[in-house]
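Visitor: work_32.csv (CSV, N, CA and C atoms) pasted underneath:
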chain,number,residue,atom,x,y,z
A,1,MET,N,108.5,135.9,123.5
A,1,MET,CA,109.6,135.7,122.6
A,1,MET,C,109.3,134.4,121.8
A,2,VAL,N,109.5,134.4,120.5
A,2,VAL,CA,109.3,133.3,119.7
A,2,VAL,C,110.5,132.4,119.7
A,3,THR,N,110.3,131.1,120.0
A,3,THR,CA,111.3,130.2,120.0
A,3,THR,C,111.1,129.2,118.9
A,4,PRO,N,112.2,128.5,118.5
A,4,PRO,CA,112.0,127.5,117.4
A,4,PRO,C,110.9,126.5,117.7
A,5,LEU,N,110.8,126.1,118.9
A,5,LEU,CA,109.7,125.1,119.3
A,5,LEU,C,108.3,125.6,119.1
A,6,LYS,N,108.1,126.9,119.5
A,6,LYS,CA,106.8,127.5,119.3
A,6,LYS,C,106.5,127.7,117.8
A,7,THR,N,107.5,128.1,117.1
A,7,THR,CA,107.3,128.2,115.6
A,7,THR,C,106.9,126.9,115.0
A,8,LEU,N,107.6,125.8,115.4
A,8,LEU,CA,107.3,124.5,114.8
A,8,LEU,C,106.0,124.0,115.2
A,9,MET,N,105.6,124.2,116.5
A,9,MET,CA,104.3,123.8,117.0
A,9,MET,C,103.2,124.6,116.3
A,10,GLY,N,103.4,125.9,116.1
A,10,GLY,CA,102.4,126.8,115.4
A,10,GLY,C,102.2,126.3,114.0
A,11,PHE,N,103.3,126.0,113.3
A,11,PHE,CA,103.2,125.6,111.9
A,11,PHE,C,102.5,124.2,111.9
A,12,SER,N,102.8,123.3,112.8
A,12,SER,CA,102.1,122.0,112.8
A,12,SER,C,100.6,122.2,113.0
A,13,VAL,N,100.2,123.0,113.9
A,13,VAL,CA,98.8,123.3,114.2
A,13,VAL,C,98.1,123.9,113.0
A,14,HIS,N,98.8,124.9,112.4
A,14,HIS,CA,98.3,125.6,111.2
A,14,HIS,C,98.1,124.6,110.1
A,15,LEU,N,99.1,123.7,109.8
A,15,LEU,CA,99.0,122.8,108.7
A,15,LEU,C,97.8,121.8,109.0
A,16,ASN,N,97.7,121.3,110.2
A,16,ASN,CA,96.6,120.4,110.5
A,16,ASN,C,95.2,121.0,110.3
A,17,VAL,N,95.1,122.3,110.7
A,17,VAL,CA,93.8,123.0,110.6
A,17,VAL,C,93.5,123.2,109.1
A,18,GLN,N,94.6,123.6,108.3
A,18,GLN,CA,94.3,123.7,106.9
A,18,GLN,C,93.9,122.4,106.2
A,19,LEU,N,94.6,121.3,106.5
A,19,LEU,CA,94.2,120.0,105.9
A,19,LEU,C,92.8,119.6,106.3
A,20,LYS,N,92.4,119.9,107.6
A,20,LYS,CA,91.1,119.5,108.0
A,20,LYS,C,90.0,120.4,107.4
A,21,PHE,N,90.4,121.7,107.3
A,21,PHE,CA,89.4,122.7,106.8
A,21,PHE,C,89.1,122.5,105.3
A,22,TYR,N,90.2,122.4,104.5
A,22,TYR,CA,90.0,122.2,103.1
A,22,TYR,C,89.8,120.8,102.7
A,23,ASN,N,89.9,119.8,103.6
A,23,ASN,CA,89.7,118.4,103.4
A,23,ASN,C,90.6,117.9,102.2
A,24,LEU,N,91.9,118.3,102.4
A,24,LEU,CA,92.9,117.9,101.3
A,24,LEU,C,93.4,116.5,101.6
A,25,PRO,N,93.3,115.7,100.6
A,25,PRO,CA,93.9,114.3,100.8
A,25,PRO,C,95.4,114.3,100.4
A,26,LEU,N,96.1,113.4,101.0
A,26,LEU,CA,97.5,113.2,100.6
A,26,LEU,C,97.6,112.6,99.2
A,27,PRO,N,98.5,113.1,98.4
A,27,PRO,CA,98.6,112.5,97.1
A,27,PRO,C,99.0,111.0,97.1
A,28,ARG,N,98.3,110.2,96.4
A,28,ARG,CA,98.5,108.8,96.3
A,28,ARG,C,99.6,108.4,95.4
A,29,GLU,N,99.9,109.2,94.4
A,29,GLU,CA,100.9,108.9,93.5
A,29,GLU,C,102.3,109.0,94.1
A,30,GLY,N,102.5,109.8,95.1
A,30,GLY,CA,103.8,110.1,95.6
A,30,GLY,C,104.3,111.4,95.2
A,31,ILE,N,105.3,111.9,95.8
A,31,ILE,CA,105.8,113.3,95.5
A,31,ILE,C,106.6,113.3,94.2
A,32,ASN,N,107.1,112.2,93.8
A,32,ASN,CA,108.0,112.1,92.6
A,32,ASN,C,107.2,112.2,91.3
A,33,ASN,N,105.9,112.0,91.3
A,33,ASN,CA,105.1,112.0,90.1
A,33,ASN,C,104.4,113.3,89.9
A,34,ILE,N,104.6,114.3,90.6
A,34,ILE,CA,103.9,115.6,90.5
A,34,ILE,C,104.4,116.3,89.2
A,35,LYS,N,103.5,116.8,88.4
A,35,LYS,CA,103.9,117.4,87.1
A,35,LYS,C,103.7,118.9,87.3
A,36,PHE,N,104.6,119.8,86.8
A,36,PHE,CA,104.5,121.2,86.8
A,36,PHE,C,104.3,121.7,85.4
A,37,GLU,N,103.8,122.9,85.3
A,37,GLU,CA,103.6,123.5,84.0
A,37,GLU,C,104.9,123.8,83.2
A,38,ASN,N,105.9,124.4,83.9
A,38,ASN,CA,107.1,124.7,83.3
A,38,ASN,C,108.3,124.2,84.1
A,39,ASP,N,109.5,124.3,83.5
A,39,ASP,CA,110.7,123.8,84.2
A,39,ASP,C,111.2,124.8,85.3
A,40,GLU,N,110.7,126.0,85.3
A,40,GLU,CA,111.2,127.0,86.3
A,40,GLU,C,110.6,126.9,87.6
A,41,THR,N,109.5,126.1,87.7
A,41,THR,CA,108.8,126.0,89.0
A,41,THR,C,109.6,125.4,90.1
A,42,ILE,N,110.3,124.3,89.9
A,42,ILE,CA,111.0,123.6,90.9
A,42,ILE,C,112.1,124.4,91.5
A,43,PRO,N,113.0,125.0,90.6
A,43,PRO,CA,114.1,125.9,91.2
A,43,PRO,C,113.5,127.1,92.0
A,44,THR,N,112.4,127.7,91.5
A,44,THR,CA,111.8,128.8,92.2
A,44,THR,C,111.3,128.3,93.5
A,45,LEU,N,110.6,127.2,93.6
A,45,LEU,CA,110.1,126.6,94.8
A,45,LEU,C,111.2,126.3,95.8
A,46,ILE,N,112.3,125.8,95.4
A,46,ILE,CA,113.5,125.5,96.2
A,46,ILE,C,114.1,126.8,96.7
A,47,HIS,N,114.2,127.8,95.8
A,47,HIS,CA,114.8,129.1,96.2
A,47,HIS,C,113.9,129.8,97.3
A,48,ASN,N,112.6,129.8,97.1
A,48,ASN,CA,111.7,130.4,98.0
A,48,ASN,C,111.7,129.7,99.4
A,49,THR,N,111.8,128.3,99.3
A,49,THR,CA,111.8,127.6,100.6
A,49,THR,C,113.0,127.9,101.4
A,50,ILE,N,114.2,127.9,100.7
A,50,ILE,CA,115.4,128.2,101.4
A,50,ILE,C,115.4,129.6,102.0
A,51,GLY,N,114.8,130.6,101.2
A,51,GLY,CA,114.7,131.9,101.7
A,51,GLY,C,113.8,132.0,102.9
A,52,GLY,N,112.7,131.3,102.9
A,52,GLY,CA,111.8,131.3,104.1
A,52,GLY,C,112.4,130.7,105.3
A,53,ILE,N,113.1,129.7,105.1
A,53,ILE,CA,113.8,129.0,106.3
A,53,ILE,C,114.9,130.0,106.8
A,54,SER,N,115.7,130.6,105.9
A,54,SER,CA,116.7,131.5,106.4
A,54,SER,C,116.1,132.7,107.1
A,55,ASN,N,115.0,133.2,106.6
A,55,ASN,CA,114.3,134.3,107.2
A,55,ASN,C,113.9,133.9,108.6
A,56,LYS,N,113.3,132.8,108.8
A,56,LYS,CA,112.9,132.3,110.2
A,56,LYS,C,114.1,132.2,111.1
A,57,LEU,N,115.2,131.6,110.6
A,57,LEU,CA,116.3,131.5,111.4
A,57,LEU,C,116.9,132.9,111.8
A,58,GLY,N,116.9,133.8,110.8
A,58,GLY,CA,117.4,135.1,111.1
A,58,GLY,C,116.6,135.8,112.2
A,59,VAL,N,115.3,135.7,112.1
A,59,VAL,CA,114.5,136.3,113.2
A,59,VAL,C,114.8,135.7,114.5
A,60,ILE,N,115.0,134.4,114.6
A,60,ILE,CA,115.3,133.8,115.9
A,60,ILE,C,116.6,134.3,116.4
A,61,PHE,N,117.6,134.4,115.5
A,61,PHE,CA,119.0,134.8,116.0
A,61,PHE,C,118.9,136.3,116.4
A,62,VAL,N,118.2,137.1,115.7
A,62,VAL,CA,118.1,138.6,116.1
A,62,VAL,C,117.4,138.7,117.4
A,63,ASN,N,116.3,138.0,117.6
A,63,ASN,CA,115.5,138.2,118.8
A,63,ASN,C,116.1,137.5,120.0
A,64,SER,N,116.9,136.5,119.8
A,64,SER,CA,117.5,135.8,120.9
A,64,SER,C,118.9,136.2,121.3
A,65,SER,N,119.5,137.0,120.6
A,65,SER,CA,120.9,137.3,120.9
A,65,SER,C,121.2,138.5,121.8
A,66,ASP,N,120.1,139.2,122.1
A,66,ASP,CA,120.3,140.4,122.9
A,66,ASP,C,120.9,140.1,124.3
A,67,ASN,N,120.4,139.0,125.0
A,67,ASN,CA,120.9,138.7,126.3
A,67,ASN,C,122.3,138.2,126.3
A,68,ILE,N,122.7,137.5,125.2
A,68,ILE,CA,124.0,137.0,125.1
A,68,ILE,C,125.0,138.2,124.9
A,69,MET,N,124.6,139.1,124.0
A,69,MET,CA,125.5,140.3,123.8
A,69,MET,C,125.6,141.1,125.1
A,70,LEU,N,124.5,141.3,125.8
A,70,LEU,CA,124.5,142.1,127.0
A,70,LEU,C,125.3,141.4,128.1
A,71,ALA,N,125.3,140.1,128.2
A,71,ALA,CA,126.0,139.4,129.2
A,71,ALA,C,127.6,139.5,128.9
A,72,ASN,N,128.0,139.7,127.7
A,72,ASN,CA,129.4,139.9,127.4
A,72,ASN,C,129.9,141.2,127.9
A,73,PHE,N,129.1,142.2,127.9
A,73,PHE,CA,129.6,143.6,128.2
A,73,PHE,C,129.1,144.1,129.6
A,74,GLU,N,128.1,143.5,130.2
A,74,GLU,CA,127.6,144.0,131.5
A,74,GLU,C,127.6,142.9,132.5
A,75,THR,N,127.2,143.3,133.7
A,75,THR,CA,127.1,142.3,134.8
A,75,THR,C,125.9,141.5,134.8
A,76,LEU,N,125.8,140.4,135.6
A,76,LEU,CA,124.7,139.6,135.6
A,76,LEU,C,123.5,140.3,136.2
A,77,ARG,N,123.7,141.2,137.1
A,77,ARG,CA,122.6,142.0,137.7
A,77,ARG,C,121.9,142.8,136.6
A,78,ILE,N,122.6,143.5,135.7
A,78,ILE,CA,122.0,144.3,134.7
A,78,ILE,C,121.3,143.4,133.7
A,79,VAL,N,121.9,142.2,133.4
A,79,VAL,CA,121.2,141.3,132.5
A,79,VAL,C,119.9,140.8,133.1
A,80,GLY,N,119.9,140.5,134.3
A,80,GLY,CA,118.7,140.1,135.0
A,80,GLY,C,117.6,141.2,135.0
A,81,MET,N,118.0,142.5,135.2
A,81,MET,CA,117.1,143.6,135.2
A,81,MET,C,116.5,143.8,133.8
A,82,TYR,N,117.4,143.6,132.8
A,82,TYR,CA,116.9,143.8,131.4
A,82,TYR,C,115.9,142.6,131.1
A,83,SER,N,116.2,141.4,131.5
A,83,SER,CA,115.3,140.3,131.3
A,83,SER,C,113.9,140.5,131.9
A,84,ASN,N,113.9,141.0,133.1
A,84,ASN,CA,112.7,141.3,133.8
A,84,ASN,C,111.9,142.4,133.1
A,85,TYR,N,112.6,143.5,132.7
A,85,TYR,CA,112.0,144.5,131.9
A,85,TYR,C,111.4,144.0,130.6
A,86,LEU,N,112.1,143.2,129.9
A,86,LEU,CA,111.7,142.7,128.7
A,86,LEU,C,110.4,141.7,128.9
A,87,MET,N,110.4,141.0,129.9
A,87,MET,CA,109.3,140.1,130.2
A,87,MET,C,108.0,140.9,130.5
A,88,ILE,N,108.2,142.0,131.3
A,88,ILE,CA,107.0,142.8,131.6
A,88,ILE,C,106.5,143.5,130.4
A,89,THR,N,107.4,144.1,129.6
A,89,THR,CA,106.9,144.8,128.4
A,89,THR,C,106.3,143.8,127.3
A,90,ASN,N,106.8,142.6,127.2
A,90,ASN,CA,106.2,141.6,126.3
A,90,ASN,C,104.9,141.2,126.8
A,91,GLY,N,104.7,141.1,128.1
A,91,GLY,CA,103.4,140.8,128.7
A,91,GLY,C,102.4,141.9,128.5
A,92,VAL,N,102.8,143.1,128.7
A,92,VAL,CA,101.8,144.2,128.4
A,92,VAL,C,101.5,144.3,127.0
A,93,SER,N,102.5,144.1,126.1
A,93,SER,CA,102.3,144.2,124.7
A,93,SER,C,101.3,143.1,124.2
A,94,SER,N,101.5,141.9,124.8
A,94,SER,CA,100.6,140.8,124.4
A,94,SER,C,99.2,141.0,124.9
A,95,LEU,N,99.0,141.6,126.1
A,95,LEU,CA,97.7,141.9,126.6
A,95,LEU,C,97.0,143.0,125.8
A,96,LEU,N,97.7,144.0,125.4
A,96,LEU,CA,97.1,145.1,124.6
A,96,LEU,C,96.8,144.5,123.2
A,97,SER,N,97.6,143.7,122.7
A,97,SER,CA,97.3,143.1,121.4
A,97,SER,C,96.1,142.2,121.4
A,98,LYS,N,95.9,141.5,122.4
A,98,LYS,CA,94.6,140.7,122.5
A,98,LYS,C,93.4,141.5,122.7
A,99,MET,N,93.6,142.6,123.5
A,99,MET,CA,92.4,143.5,123.7
A,99,MET,C,92.0,144.2,122.4
A,100,ILE,N,93.0,144.6,121.6
A,100,ILE,CA,92.8,145.3,120.3
A,100,ILE,C,92.1,144.3,119.3
A,101,ALA,N,92.6,143.0,119.4
A,101,ALA,CA,92.0,142.0,118.5
A,101,ALA,C,90.6,141.8,118.8
A,102,SER,N,90.2,141.8,120.1
A,102,SER,CA,88.8,141.5,120.5
A,102,SER,C,87.9,142.7,120.1
A,103,VAL,N,88.5,143.9,120.2
A,103,VAL,CA,87.7,145.1,119.8
A,103,VAL,C,87.5,145.1,118.3
A,104,THR,N,88.5,144.7,117.6
A,104,THR,CA,88.4,144.6,116.1
A,104,THR,C,87.3,143.6,115.7
A,105,ALA,N,87.2,142.5,116.4
A,105,ALA,CA,86.2,141.5,116.1
A,105,ALA,C,84.8,142.1,116.4
A,106,ILE,N,84.7,142.8,117.5
A,106,ILE,CA,83.4,143.4,117.8
A,106,ILE,C,83.0,144.4,116.8
A,107,VAL,N,83.9,145.3,116.3
A,107,VAL,CA,83.6,146.3,115.3
A,107,VAL,C,83.2,145.6,114.0
A,108,GLY,N,84.0,144.6,113.6
A,108,GLY,CA,83.7,143.9,112.4
A,108,GLY,C,82.3,143.2,112.4
A,109,ASN,N,82.0,142.6,113.6
A,109,ASN,CA,80.6,142.0,113.7
A,109,ASN,C,79.5,143.1,113.6
A,110,LEU,N,79.8,144.2,114.3
A,110,LEU,CA,78.8,145.3,114.2
A,110,LEU,C,78.6,145.8,112.8
A,111,GLY,N,79.7,145.9,112.0
A,111,GLY,CA,79.6,146.3,110.6
A,111,GLY,C,79.0,145.3,109.7
A,112,SER,N,79.1,144.0,110.0
A,112,SER,CA,78.6,143.0,109.2
A,112,SER,C,77.1,142.8,109.4
A,113,GLU,N,76.5,143.3,110.5
A,113,GLU,CA,75.1,143.2,110.7
A,113,GLU,C,74.3,144.0,109.8
A,114,GLY,N,74.8,145.1,109.3
A,114,GLY,CA,74.1,145.9,108.3
A,114,GLY,C,73.1,146.9,108.9
A,115,ASN,N,73.1,147.1,110.2
A,115,ASN,CA,72.1,148.0,110.8
A,115,ASN,C,72.8,149.3,110.9
A,116,GLU,N,72.5,150.3,110.0
A,116,GLU,CA,73.1,151.6,110.0
A,116,GLU,C,72.8,152.4,111.2
A,117,GLY,N,71.5,152.3,111.7
A,117,GLY,CA,71.1,153.1,112.9
A,117,GLY,C,71.9,152.7,114.1
A,118,LYS,N,72.1,151.4,114.3
A,118,LYS,CA,72.9,150.9,115.4
A,118,LYS,C,74.3,151.3,115.3
A,119,ASN,N,74.9,151.3,114.1
A,119,ASN,CA,76.3,151.8,113.9
A,119,ASN,C,76.4,153.3,114.2
A,120,LEU,N,75.4,154.1,113.8
A,120,LEU,CA,75.5,155.5,114.1
A,120,LEU,C,75.4,155.8,115.6
A,121,THR,N,74.5,155.1,116.3
A,121,THR,CA,74.4,155.3,117.7
A,121,THR,C,75.6,154.8,118.5
A,122,THR,N,76.3,153.8,118.0
A,122,THR,CA,77.5,153.2,118.6
A,122,THR,C,78.7,154.1,118.4
A,123,PHE,N,78.9,154.6,117.2
A,123,PHE,CA,80.1,155.4,116.9
A,123,PHE,C,80.0,156.9,117.1
A,124,VAL,N,78.8,157.4,117.2
A,124,VAL,CA,78.6,158.9,117.3
A,124,VAL,C,78.2,159.3,118.6
When written as structure tokens, how does the structure in this file appear?

Guide:
Amino acid sequence: MVTPLKTLMGFSVHLNVQLKFYNLPLPREGINNIKFENDETIPTLIHNTIGGISNKLGVIFVNSSDNIMLANFETLRIVGMYSNYLMITNGVSSLLSKMIASVTAIVGNLGSEGNEGKNLTTFV
């Protein structure tokens, strides 16, 4: 389950990797001196930023509210059973996702080698 802390940590790691990979310096002039081509850029940027934040919050609320709603209508025993079921299914889903990602990398590497004979013997 994605929590706000995991989302924030993932964004922080992603931003650090991007800054190191692209070697982007911080602007020396400051944020107030940035010039845009037209006047519609800043309102569009603000609108899209608010939309992205509300989308992230909506996903958190939708994915986190099932136990609360279930606790209002059912007993603690059923909520516990549902939590255990959800934990097991999320674990299996995560395991299968990682397995498929590794197979995808293997197939991509095989295709990038350019050896058609090896590809035919592997897939046929």

Visitor: Report, in Å with one decimal, the straight-line distance from atom CA of Phe61 of chain A to atom CA of Ser83 of chain A.

Guide: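 Separation of atom CA of Phe61 of chain A and atom CA of Ser83 of chain A: 16.7 Å.
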
Visitor: Just the number, please: distance in Å from atom C of Ser54 of chain A to atom CA of Asp39 of chain A, one decimal.

Guide: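 For atom C of Ser54 of chain A relative to atom CA of Asp39 of chain A, the distance reads 25.2 Å.
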
Visitor: Distance atom CA of Asn90 of chain A-atom C of Asn72 of chain A, one decimal place?

Guide: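 Separation between atom CA of Asn90 of chain A and atom C of Asn72 of chain A: 23.8 Å.
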
Visitor: Pick out the residues sitting within 12 Å of Phe123 of chain A, and hand them over as JSON, numbers by chain; count only C-alpha atoms, and ignore anything fewer than 5 positions along from it in its own chain.

Guide: {"A": [107, 110, 111, 116, 117, 118]}
